[in-house]
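Visitor: Just dropping this structure here.
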Amino acid sequence: MYLKLSVFLRRYYYRIEVNLENKFICPLPWVSLSIGVNNKRRLCCHETRDNIEMTPHELEEVKSLMRQGAIPLACKKCAALEANEILSPRHQYSQDYRNHSQMQYLDLVLNNDCNLECLMCSPAYSVRLNTIYRETSPIEVMPSWSIDYNELNNYDLSGVTDINIIGGEPLLSKDAFLFLENFLKNYSLKKLRIISNFTKLPDRWKSIFDRVEKLELIASIDATEKLYEFIRYPANFEVVKNNIAKLRSWDLRNLHLYQHVVLMNLNFPYMKEILHFYDEFFSTPENRLPVLVEISSPQILHPRVLTDGQWLKAKKDALEVLEDFERKYGIRQEFKDFRSLITKMEQMNLGHFYIDYQIYLQKIKKYHS
Ligand code: SF4
């Protein structure tokens with residue numbers, strides 16, 4: 001392992017001594033422009049802090065720490081995955097961007113205009129959640145906000161080859177569509193990645209999808225049937241499946257379609273259903289599992305809030321499906337990563353949230369009815 005020796009906290013950053021031949025260098029601080037919630041610049045979509053502006057000075061400090069062989073605190077999530085021998089986003093970006101000389105990657109959170117009220121989301125990403133948040137906890141109301149497209153055009157975008165878009169719900173955003181249409185009039189795109197709930201698929205998007213070299217569409221589907229509809233209220237599971245079928249009927253040669261699952265206490269006991277749904281509906285020779293991501297907040301929805309008995313049963317079921325898949329497809333990296341993620345989650349102990357979680361569930365059920 002390349003991470004070694006002791007860790008000590010120094011103002012904003014963890015400093016971890018590393019084998020200098022394998023420094024914790026990530027290309028993103030050099031090659032990306034990432035705009036997050038409330039139109040604030042951030043390091044990247046995986047960074048630890050949320051809704052806090054990253055100043056140019058802090059960005060330079062991140063670069064300097066990486067050059068010295070230290071891990072910036074903002075990169076704690078990637079570091080934690082790597083410490084558990086799980087491939088992190090940093091590994092992928094390091095493969096994608098070997099030349100660090102100019103901005104190549106735009107990573108945009110568009111607005112908080114969404115048609116859903118997903119349980120693991122927040123008003124910063126869906127203004128509709130203000131209602132549910134008022135029901136469950138007394139927080140300040142989050143206003144509608146949107147990215148400033150004019151400000152974006154102040155940057156030199158001529159080197160940009162890849163764009164990543166999340167919302168709100170991007171496929172509902174006319175502004176996002178127009179921004180991409182204008183961008184594609186001036187430049188070409190090697191990769192467009194959009195994370196969508198696929199509850200809507202307006203026909204106009206086909207003209208954008210047709211014009212990029214590689215199209216990565218990531219469908220946020222965290223469960224199946226009624227559980228899906230409970231988590232992603234008020235979505236309809238059949239409508240989402242029909243939209244995926246509609247997308248496939250467009251016969252896009254550049255399409256790479258993924259399913260994204262946030263692992264929570266609500267869905268972890270149902271991994272059997274979720275993984276079999278993936279196997280039937282999304283599985284490709286490249287990916288035999290959905291993109292499985294441990295929930296980072298709210299902690300009340302973490303799988304380790306389950307009782308020990310529930311956790312052990314859910315873990316056993318998930319591992320049994322993995323064993324079936326290994327018999328069917330052989331040993332694969334994504335299977336190893338999922339096992340490592342289960343081991344990582346097992347080390348946590350969040351049982352003290354269990355009562356709060358049950359109260360929260362009752363309030364949500366009442367709200368939905
Ligand atoms: S190491 Fe991870 S958190 Fe840090 S900039 Fe790279 S992708 Fe983002």
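Identifiers in the structure tokens: chain A, B, ... in order shown; residue index from 1 per chain; ligand index from 1 in order shown.
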Quick one: everything within 8 Å of A:Asp210, counting only C-alpha atoms, minus sequence neighbours fewer than 2 positions away in the same chain. Send it as a VMD selection string.

Guide: chain A and resid 206 to 208 212 252 254

Visitor: How would you write, as a compact mmCIF listing (two decimals) with N, CA and C atoms, in the first residue's frame, the set of residues in stretch 251-328 of chain A that DSSP gives as alpha helix (DSSP H)?

Guide:
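Saved the output as selection_39.txt:
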# COMPACT_ATOMS: atom_id res chain seq x y z
N MET A 271 -30.86 -5.95 -1.57
CA MET A 271 -29.85 -6.00 -2.63
C MET A 271 -30.11 -7.13 -3.60
N LYS A 272 -30.72 -8.21 -3.11
CA LYS A 272 -31.02 -9.34 -4.01
C LYS A 272 -31.89 -8.85 -5.18
N GLU A 273 -32.98 -8.17 -4.84
CA GLU A 273 -33.90 -7.67 -5.88
C GLU A 273 -33.18 -6.64 -6.77
N ILE A 274 -32.41 -5.76 -6.13
CA ILE A 274 -31.78 -4.67 -6.89
C ILE A 274 -30.73 -5.24 -7.85
N LEU A 275 -29.92 -6.18 -7.38
CA LEU A 275 -28.86 -6.72 -8.23
C LEU A 275 -29.44 -7.60 -9.34
N HIS A 276 -30.52 -8.31 -9.04
CA HIS A 276 -31.13 -9.11 -10.11
C HIS A 276 -31.81 -8.21 -11.14
N PHE A 277 -32.41 -7.12 -10.68
CA PHE A 277 -32.99 -6.16 -11.63
C PHE A 277 -31.88 -5.63 -12.55
N TYR A 278 -30.75 -5.27 -11.96
CA TYR A 278 -29.63 -4.77 -12.76
C TYR A 278 -29.19 -5.84 -13.77
N ASP A 279 -29.11 -7.07 -13.29
CA ASP A 279 -28.63 -8.17 -14.14
C ASP A 279 -29.53 -8.35 -15.36
N GLU A 280 -30.82 -8.13 -15.13
CA GLU A 280 -31.78 -8.33 -16.22
C GLU A 280 -31.86 -7.11 -17.13
N PHE A 281 -31.70 -5.93 -16.56
CA PHE A 281 -32.06 -4.70 -17.29
C PHE A 281 -30.86 -3.89 -17.78
N ASP A 308 -28.13 -5.09 14.41
CA ASP A 308 -27.13 -6.08 14.03
C ASP A 308 -27.76 -7.25 13.26
N GLY A 309 -28.93 -7.69 13.74
CA GLY A 309 -29.61 -8.81 13.08
C GLY A 309 -29.98 -8.45 11.64
N GLN A 310 -30.54 -7.24 11.45
CA GLN A 310 -30.94 -6.82 10.10
C GLN A 310 -29.71 -6.69 9.19
N TRP A 311 -28.65 -6.09 9.75
CA TRP A 311 -27.43 -5.90 8.96
C TRP A 311 -26.85 -7.25 8.51
N LEU A 312 -26.75 -8.20 9.46
CA LEU A 312 -26.14 -9.49 9.13
C LEU A 312 -26.95 -10.24 8.08
N LYS A 313 -28.27 -10.16 8.20
CA LYS A 313 -29.14 -10.82 7.21
C LYS A 313 -28.97 -10.16 5.83
N ALA A 314 -28.97 -8.81 5.82
CA ALA A 314 -28.83 -8.09 4.55
C ALA A 314 -27.47 -8.37 3.92
N LYS A 315 -26.44 -8.39 4.75
CA LYS A 315 -25.09 -8.65 4.25
C LYS A 315 -25.03 -10.07 3.65
N LYS A 316 -25.59 -11.03 4.37
CA LYS A 316 -25.57 -12.42 3.89
C LYS A 316 -26.27 -12.52 2.52
N ASP A 317 -27.42 -11.88 2.40
CA ASP A 317 -28.17 -11.92 1.13
C ASP A 317 -27.35 -11.30 0.00
N ALA A 318 -26.74 -10.15 0.28
CA ALA A 318 -25.96 -9.46 -0.76
C ALA A 318 -24.78 -10.33 -1.19
N LEU A 319 -24.10 -10.95 -0.21
CA LEU A 319 -22.94 -11.77 -0.55
C LEU A 319 -23.35 -13.03 -1.32
N GLU A 320 -24.55 -13.53 -1.02
CA GLU A 320 -25.02 -14.71 -1.76
C GLU A 320 -25.23 -14.36 -3.24
N VAL A 321 -25.79 -13.18 -3.50
CA VAL A 321 -25.97 -12.78 -4.91
C VAL A 321 -24.61 -12.62 -5.57
N LEU A 322 -23.67 -12.03 -4.85
CA LEU A 322 -22.32 -11.87 -5.42
C LEU A 322 -21.72 -13.23 -5.78
N GLU A 323 -21.90 -14.20 -4.90
CA GLU A 323 -21.38 -15.55 -5.19
C GLU A 323 -22.04 -16.13 -6.44
N ASP A 324 -23.36 -15.92 -6.56
CA ASP A 324 -24.06 -16.38 -7.79
C ASP A 324 -23.47 -15.72 -9.02
N PHE A 325 -23.26 -14.40 -8.92
CA PHE A 325 -22.72 -13.66 -10.07
C PHE A 325 -21.30 -14.14 -10.39
N GLU A 326 -20.53 -14.45 -9.35
CA GLU A 326 -19.16 -14.92 -9.60
C GLU A 326 -19.17 -16.26 -10.32
N ARG A 327 -20.15 -17.11 -9.96
CA ARG A 327 -20.26 -18.40 -10.67
C ARG A 327 -20.63 -18.15 -12.14
N LYS A 328 -21.47 -17.13 -12.34
CA LYS A 328 -21.98 -16.85 -13.70
C LYS A 328 -20.95 -16.09 -14.56

Visitor: Residues up to 7 Å from ligand 1, counting only C-alpha atoms and all ligand atoms: could you list those as an NGL selection string?

Guide: :A and (26-29 or 43-47 or 74-78 or 89-90 or 93)

Visitor: Between A:Leu189, A:Arg211, A:Asp251, A:Phe268, single out the one closest to A:Thr224, counting only C-alpha atoms.

Guide: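 Nearest candidate to A:Thr224 out of A:Leu189, A:Arg211, A:Asp251, A:Phe268: A:Phe268.
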
Visitor: Which of these, A:Arg128, A:Pro170, A:Phe230, A:Pro143, has the shortest distance to A:Lys366 once you count only C-alpha atoms?

Guide: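 Residue with the minimum atom-to-atom distance to A:Lys366: A:Phe230.
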